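Next comes protein.cif, with mmCIF, C-alpha atoms.
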```cif
data_model
loop_
_atom_site.label_atom_id
_atom_site.label_comp_id
_atom_site.auth_asym_id
_atom_site.auth_seq_id
_atom_site.Cartn_x
_atom_site.Cartn_y
_atom_site.Cartn_z
CA GLY L 136 11.37 4.60 13.51
CA ASN L 137 7.97 3.19 12.62
CA SER L 138 7.73 -0.38 11.40
CA VAL L 139 5.33 -3.27 10.98
CA THR L 140 6.14 -6.96 11.24
CA GLN L 141 3.94 -9.69 9.82
CA MET L 142 4.34 -13.39 10.35
CA GLU L 143 6.53 -15.10 7.79
CA GLY L 144 5.33 -17.10 4.84
CA PRO L 145 2.13 -17.83 2.93
CA VAL L 146 -0.93 -19.22 4.65
CA THR L 147 -2.80 -22.12 3.10
CA LEU L 148 -6.01 -23.35 4.63
CA SER L 149 -9.26 -25.09 3.79
CA GLU L 150 -12.59 -23.39 3.23
CA GLU L 151 -14.44 -22.65 6.49
CA ALA L 152 -11.22 -22.79 8.53
CA PHE L 153 -10.26 -20.11 11.06
CA LEU L 154 -7.73 -17.57 9.83
CA THR L 155 -5.26 -15.59 11.92
CA ILE L 156 -2.51 -13.38 10.55
CA ASN L 157 -0.22 -11.83 13.13
CA CYS L 158 0.89 -8.21 12.99
CA THR L 159 3.02 -6.32 15.47
CA TYR L 160 4.32 -2.79 15.24
CA THR L 161 6.77 -0.28 16.61
CA ALA L 162 5.89 3.38 16.49
CA THR L 163 7.28 6.61 17.87
CA GLY L 164 3.86 8.18 18.32
CA TYR L 165 0.24 7.06 18.43
CA PRO L 166 -0.47 5.20 15.22
CA SER L 167 -3.61 4.36 13.36
CA LEU L 168 -3.54 0.74 12.22
CA PHE L 169 -4.83 -0.82 9.03
CA TRP L 170 -5.27 -4.05 7.17
CA TYR L 171 -5.21 -3.82 3.39
CA VAL L 172 -6.13 -6.62 1.00
CA GLN L 173 -4.85 -7.16 -2.53
CA TYR L 174 -6.77 -9.50 -4.80
CA PRO L 175 -4.95 -11.00 -7.80
CA GLY L 176 -4.05 -8.37 -10.38
CA GLU L 177 -5.46 -5.51 -8.33
CA GLY L 178 -4.22 -2.63 -6.21
CA LEU L 179 -4.60 -2.50 -2.45
CA GLN L 180 -8.00 -1.98 -0.85
CA LEU L 181 -8.62 -0.97 2.72
CA LEU L 182 -10.10 -3.91 4.61
CA LEU L 183 -10.41 -2.42 8.09
CA LYS L 184 -8.83 0.06 10.43
CA ALA L 185 -8.57 1.12 14.07
CA THR L 186 -7.45 4.52 15.22
CA LYS L 187 -6.95 4.10 18.98
CA ALA L 188 -6.19 1.51 21.60
CA ASP L 189 -8.85 -1.18 22.15
CA ASP L 190 -10.71 -0.22 18.98
CA LYS L 191 -11.89 -3.15 16.91
CA GLY L 192 -12.00 -2.82 13.15
CA SER L 193 -14.27 -5.16 11.23
CA ASN L 194 -15.38 -5.75 7.65
CA LYS L 195 -16.50 -8.72 5.51
CA GLY L 196 -16.24 -11.05 8.52
CA PHE L 197 -12.67 -9.99 9.29
CA GLU L 198 -11.76 -8.43 12.63
CA ALA L 199 -8.68 -6.93 14.26
CA THR L 200 -8.27 -5.30 17.67
CA TYR L 201 -5.75 -2.54 18.40
CA ARG L 202 -3.76 -3.84 21.37
CA LYS L 203 -1.46 -1.17 22.70
CA GLU L 204 -0.08 -3.32 25.51
CA THR L 205 1.21 -5.94 23.08
CA THR L 206 1.65 -3.52 20.12
CA SER L 207 -0.37 -5.87 17.96
CA PHE L 208 -3.18 -5.79 15.42
CA HIS L 209 -3.83 -9.42 14.47
CA LEU L 210 -6.30 -10.17 11.69
CA GLU L 211 -8.90 -12.92 12.22
CA LYS L 212 -11.77 -14.48 10.34
CA GLY L 213 -13.86 -17.27 11.69
CA SER L 214 -14.73 -19.08 8.47
CA VAL L 215 -12.79 -18.29 5.31
CA GLN L 216 -14.03 -18.68 1.76
CA VAL L 217 -12.17 -19.33 -1.48
CA SER L 218 -12.88 -15.70 -2.41
CA ASP L 219 -10.73 -14.58 0.55
CA SER L 220 -7.62 -15.78 -1.28
CA ALA L 221 -5.47 -12.66 -1.55
CA VAL L 222 -2.44 -10.90 -0.11
CA TYR L 223 -3.00 -9.14 3.22
CA PHE L 224 -0.90 -6.21 4.41
CA CYS L 225 -0.77 -4.70 7.86
CA ALA L 226 0.09 -0.99 7.97
CA LEU L 227 0.32 2.00 10.26
CA ILE L 228 0.38 5.75 9.97
CA ILE L 229 1.32 8.37 12.49
CA TYR L 230 -0.92 11.40 12.25
CA GLY L 231 1.14 14.35 11.08
CA ASN L 232 3.89 12.12 9.73
CA ASN L 233 1.91 11.30 6.58
CA ARG L 234 3.88 8.19 5.74
CA LEU L 235 2.48 4.71 5.83
CA ALA L 236 4.63 1.84 7.07
CA PHE L 237 3.70 -1.57 5.65
CA GLY L 238 4.39 -5.11 6.65
CA LYS L 239 5.68 -7.47 3.95
CA GLY L 240 2.30 -9.04 3.38
CA ASN L 241 0.95 -12.56 3.67
CA GLN L 242 -0.36 -14.58 0.76
CA VAL L 243 -3.50 -16.42 1.85
CA VAL L 244 -4.69 -19.36 -0.24
CA VAL L 245 -8.04 -20.93 0.60
CA ILE L 246 -8.61 -24.39 -0.84
CA PRO L 247 -12.13 -25.62 -1.53
CA ASP D 693 -16.01 8.25 -4.21
CA VAL D 694 -12.25 8.68 -4.28
CA LYS D 695 -10.65 7.77 -7.57
CA VAL D 696 -6.94 7.20 -8.22
CA THR D 697 -6.14 6.29 -11.80
CA GLN D 698 -2.88 4.91 -13.05
CA SER D 699 -2.42 5.36 -16.74
CA SER D 700 -1.50 1.78 -17.62
CA ARG D 701 -2.18 -1.63 -16.10
CA TYR D 702 0.63 -3.34 -17.99
CA LEU D 703 3.74 -1.94 -19.64
CA VAL D 704 6.67 -3.56 -21.41
CA LYS D 705 9.73 -1.40 -22.01
CA ARG D 706 13.26 -1.95 -23.23
CA THR D 707 16.39 -1.48 -21.17
CA GLY D 708 17.60 2.11 -21.40
CA GLU D 709 14.23 3.60 -22.31
CA LYS D 710 12.82 6.56 -20.42
CA VAL D 711 9.57 5.48 -18.80
CA PHE D 712 6.75 7.61 -17.43
CA LEU D 713 4.16 6.22 -15.03
CA GLU D 714 1.24 8.53 -14.44
CA CYS D 715 -1.10 8.78 -11.49
CA VAL D 716 -4.13 11.04 -11.42
CA GLN D 717 -6.53 11.73 -8.56
CA ASP D 718 -9.91 13.35 -8.94
CA MET D 719 -9.98 15.22 -5.61
CA ASP D 720 -7.85 17.95 -4.10
CA HIS D 721 -5.62 15.70 -2.01
CA GLU D 722 -2.17 16.95 -1.17
CA ASN D 723 -0.23 13.81 -0.32
CA MET D 724 0.63 11.39 -3.11
CA PHE D 725 2.98 8.39 -3.05
CA TRP D 726 4.72 5.95 -5.36
CA TYR D 727 5.51 2.45 -4.14
CA ARG D 728 6.93 -0.59 -5.77
CA GLN D 729 5.83 -4.06 -4.77
CA ASP D 730 8.03 -7.12 -5.09
CA PRO D 731 7.48 -10.68 -3.82
CA GLY D 732 8.92 -11.15 -0.36
CA LEU D 733 9.73 -7.45 0.01
CA GLY D 734 6.25 -6.01 0.39
CA LEU D 735 5.69 -2.35 -0.50
CA ARG D 736 8.63 0.00 -0.60
CA LEU D 737 8.26 3.76 -0.83
CA ILE D 738 10.05 5.35 -3.78
CA TYR D 739 8.99 9.01 -3.60
CA PHE D 740 6.19 11.07 -2.20
CA SER D 741 4.84 14.56 -2.66
CA TYR D 742 2.91 16.72 -0.25
CA ASP D 743 2.11 19.56 -2.63
CA VAL D 744 2.65 20.87 -6.15
CA LYS D 745 6.35 20.94 -7.06
CA MET D 746 7.21 19.45 -3.66
CA LYS D 747 8.77 16.01 -3.44
CA GLU D 748 10.67 13.90 -0.98
CA LYS D 749 12.69 10.74 -1.36
CA GLY D 750 11.33 7.59 0.09
CA ASP D 751 13.30 4.50 0.98
CA ILE D 752 14.43 3.45 -2.50
CA PRO D 753 14.64 6.54 -4.77
CA GLU D 754 17.72 5.46 -6.76
CA GLY D 755 17.02 5.22 -10.47
CA TYR D 756 13.75 7.15 -10.21
CA SER D 757 12.57 10.74 -10.28
CA VAL D 758 9.13 12.33 -9.96
CA SER D 759 7.20 15.28 -11.20
CA ARG D 760 4.21 17.08 -9.73
CA GLU D 761 3.33 20.12 -11.82
CA LYS D 762 -0.39 19.98 -10.98
CA LYS D 763 -2.03 18.88 -7.78
CA GLU D 764 -3.99 16.05 -9.36
CA ARG D 765 -1.10 14.41 -11.22
CA PHE D 766 2.01 12.71 -9.83
CA SER D 767 4.40 11.12 -12.32
CA LEU D 768 7.10 8.57 -11.68
CA ILE D 769 9.99 8.66 -14.13
CA LEU D 770 12.52 5.95 -14.83
CA GLU D 771 15.30 7.89 -16.53
CA SER D 772 16.92 4.78 -18.02
CA ALA D 773 14.96 1.64 -17.35
CA SER D 774 16.80 -1.42 -16.15
CA THR D 775 15.67 -5.01 -15.72
CA ASN D 776 15.82 -4.72 -11.92
CA GLN D 777 13.03 -2.14 -12.15
CA THR D 778 10.63 -4.81 -13.35
CA SER D 779 7.95 -4.63 -10.69
CA MET D 780 4.42 -3.68 -9.73
CA TYR D 781 4.13 0.07 -9.16
CA LEU D 782 1.40 1.44 -6.94
CA CYS D 783 0.27 5.03 -6.55
CA ALA D 784 -1.51 6.12 -3.37
CA ILE D 785 -3.03 9.23 -1.85
CA LEU D 786 -3.93 10.11 1.71
CA VAL D 787 -7.59 10.78 2.38
CA ARG D 788 -9.89 11.47 5.33
CA GLY D 789 -7.69 14.09 6.90
CA ASN D 790 -4.50 12.21 6.02
CA THR D 791 -5.49 9.25 8.16
CA GLU D 792 -6.02 6.64 5.45
CA ALA D 793 -4.40 5.65 2.14
CA PHE D 794 -6.26 5.00 -1.09
CA PHE D 795 -4.51 3.13 -3.88
CA GLY D 796 -4.65 3.02 -7.64
CA GLN D 797 -4.94 -0.29 -9.50
CA GLY D 798 -1.25 -0.64 -10.05
CA THR D 799 1.00 -0.77 -13.12
CA ARG D 800 2.91 -3.95 -13.81
CA LEU D 801 6.09 -2.89 -15.58
CA THR D 802 8.34 -5.35 -17.32
CA VAL D 803 11.74 -4.17 -18.54
CA VAL D 804 13.31 -6.44 -21.14
#
```

Could the structure of this file be written out as structure tokens, please?
Amino acid sequence: GNSVTQMEGPVTLSEEAFLTINCTYTATGYPSLFWYVQYPGEGLQLLLKATKADDKGSNKGFEATYRKETTSFHLEKGSVQVSDSAVYFCALIIYGNNRLAFGKGNQVVVIP
Amino acid sequence: DVKVTQSSRYLVKRTGEKVFLECVQDMDHENMFWYRQDPGLGLRLIYFSYDVKMKEKGDIPEGYSVSREKKERFSLILESASTNQTSMYLCAILVRGNTEAFFGQGTRLTVV
């Protein structure tokens, strides 16, 4: 089946630090990959996406590259801000399947 | 702009009550989903619907039912609420040719 695995545990880091959140996937077809962000008390918002191998999604200083050879879609940001504190979910969808598979999410806390 | 509206942000219900959570979209999208979100478990799919009066069980349908009488409205029903159904409930639709999910703001339900 289709599944997404995110690194375990919350991430706490200082303002202006480099952020990486790992995401790997298994899929029976050719997935599109996503990162969603959830700010406190809110629903999920799409942060970025990539629809084919070697595509790079980017938004708000965040980037992730679709790596088919390593089945990964790691999220990175070069210099985080306190306002980036949120929960981040990696997800995939197989076109025609119409079901999203989500990772368990990572709480990111940025300390001033 | 896509709009997905969940009827309540916060709800408190008593054990044994019948609870209705409503989700309304303002476009003609076919695929609608109900998830629950719990710490450490991420998002889990309860039910989804791909058209009016059509529904399919997700990964955790026990204790829930759904109704889709009109295309724009997808209701999640807790027939007899229990304390283990205390959770954040998220409604989502598929957009952009079923290649991306768009979420409502979420309903935080507490069953006492």

* Residue nearest chain D among L:Thr155, L:Ser193, L:Thr163, L:Gln141 (counting only C-alpha atoms) -> L:Gln141

* Determine the residue set returned by the PyMOL selection byres ((chain D and resi 764) around 12) for the present structure, and present it as a count of residues only. => 30

* Asked: How many Å separate CA of Met780 in chain D from CA of Phe712 in chain D?
  -> 13.9 Å

* **At most 12 Å to chain L: residues in chain D, all atoms listed in the file, as a PyMOL selection string** => chain D and resi 694+696-698+701-702+722-742+748-751+780-800

* Can you work out which one of L:Leu183, L:Pro145, L:Gly164, L:Val245 has the shortest atom-to-atom distance to Ser218 in chain L, counting only C-alpha atoms? => L:Val245

* Asked: Written as number ranges by chain, which residues does the PyMOL selection byres ((chain L and resi 158) around 6) give for the file shown?
  -> L: 140-141, 157, 159, 207-209
